[in-house]
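> Have a look at the structure that comes next, please.
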Amino acid sequence: MPKRWSVHVVVGLWMLTGFILGTTYRSNLKAMLISPRIVIPFNTIQELVNSKITLFVPDSNSLHQAMMASSPDSPLGKLRPQSVFHQDYIQAIKDLFAGSIAASSPSLVTTNLEHTYFSQTGRCQLYIMSENLLQMPPLGIGFPKGSPLKPKFDIAISGLKEFGILSHILHKWTSNSTECTKPITQKGTPALRSLDLGDFYGIFSLYAGVDEADQLSNL
Ligand SMILES: *[C@@H]1O[C@H](CO)[C@@H](O)[C@H](O)[C@H]1NC(C)=O
């Protein structure tokens, strides 16, 4: 009789193990099917052209000039017909956050926008296209030719740069923008993964239980 009983226990536990494994797999599959997919309307200049989304370009900045100078069949030239050029930044930012236009800006300005928006609302609202519209020339400070101030500024600025003070200041003033440049992941649910050892602990203990039950039944 005890022998039969232990067979029952083993079969029962085996079924339970199967059930747990099945449930784990089913939940993983469900999570994969249900998890929201974020569809980005464009991520390159060509996709932006195809999307026909209006692009705000600050009037007379370097991008505006480059667009005007580029031939109509170049990527920037193709963007021209759907672009609006003006200097009403407030309106442009409103439209941008309302989702009705895309806007171009130097990356520092974008970083600052993301930082400010996140600091005020705790949310990220912007997506930054991966492809650069324009390789910006480094910013400079203008001096009259032969100015004695220039060498002094050169030394000061390269010092600030080398000691990491410039990047420290930048990080200090725009630290929250990094919240918005993290890769897109789902919060709360861990990423989909294959089963690892930790998932089997429950099952191992089941087997340990079987062993004990066996010994018990043999008493
Ligand atoms: C960053 O965001 C948090 C929460 O939105 C805010 O409390 C904090 O002041 C922000 N940090 C800076 C440096 O503005």
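Convention: chains lettered A, B, ... in structure tokens order; per-chain residue numbering from 1; ligands numbered from 1 as shown.
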What residues have any atom no more than 9 Å from ligand 1 when counting only C-alpha atoms and all ligand atoms, and can you list them as a PDB file with C-alpha atoms, in the first residue's frame?

ATOM      1  CA  HIS A 115      15.472  67.994 -19.228  1.00  0.00           C
ATOM      2  CA  THR A 116      13.050  70.851 -18.589  1.00  0.00           C
ATOM      3  CA  TYR A 117       9.993  68.842 -19.582  1.00  0.00           C
ATOM      4  CA  PHE A 118      11.011  65.871 -17.455  1.00  0.00           C
ATOM      5  CA  SER A 119      11.852  68.046 -14.449  1.00  0.00           C
ATOM      6  CA  GLN A 120       8.410  69.664 -14.595  1.00  0.00           C
ATOM      7  CA  THR A 121       6.251  66.672 -15.431  1.00  0.00           C
ATOM      8  CA  GLY A 122       8.292  63.559 -14.632  1.00  0.00           C
ATOM      9  CA  ARG A 123       7.624  62.340 -18.164  1.00  0.00           C
ATOM     10  CA  HIS A 171      25.379  67.331 -16.847  1.00  0.00           C
ATOM     11  CA  LYS A 172      24.415  69.439 -13.848  1.00  0.00           C
ATOM     12  CA  TRP A 173      22.004  71.538 -15.851  1.00  0.00           C
ATOM     13  CA  THR A 174      20.553  68.827 -18.040  1.00  0.00           C
ATOM     14  CA  SER A 175      20.862  65.722 -15.845  1.00  0.00           C
ATOM     15  CA  ASN A 176      17.195  64.750 -16.200  1.00  0.00           C
ATOM     16  CA  SER A 177      17.459  64.555 -19.967  1.00  0.00           C
ATOM     17  CA  GLU A 179      15.920  59.863 -18.244  1.00  0.00           C
TER      18      GLU A 179
END
> Where does DSSP see strand (DSSP E or B) in range 5-71 of chain A, if you list the residues as a VMD selection string?
chain A and resid 55 to 58
> At what distance in Å, to one decimal, does CA of Phe85 in chain A lie from CA of Met68 in chain A?
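CA of Met68 in chain A sits 11.0 Å away from CA of Phe85 in chain A.
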> Give me, please, the distance in Å between CA of Leu76 in chain A and CA of Leu126 in chain A, quoted to one decimal.
21.8 Å
> For the atom pair CA of Pro41 in chain A and CA of Thr54 in chain A, what is the interatomic distance in Å to one decimal place?
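Calculated distance between CA of Pro41 in chain A and CA of Thr54 in chain A is 12.4 Å.
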> Which residues, written as a list in words, have at least one atom at most 9 Å from Pro58 in chain A, with only C-alpha atoms counted and residues fewer than 2 positions away on the same chain left out?
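Residues meeting the cut-off are Phe56, Ser60, Asn61, Ser62, Leu63, His64, Val84, Phe85, His86, Gln87, Asp88, Tyr89, Ala103, Ser104 and Ser105 of chain A.
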> May I have the residues within 7 Å of range 130-139 of chain A as number ranges by chain, using only C-alpha atoms and disregarding those fewer than 6 positions away in the same chain?
A: 43-45, 63
> Taking only C-alpha atoms into account, which of A:Val10, A:Leu108, A:Cys180, A:Ile93 comes nearest Tyr127 in chain A?
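Going through A:Val10, A:Leu108, A:Cys180, A:Ile93 one by one, the smallest distance to Tyr127 in chain A is for A:Cys180.
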> Determine the nearest neighbour of Val49 in chain A from the options A:Ile169, A:Ala102, A:Leu96, A:Val9, counting only C-alpha atoms.
A:Ala102
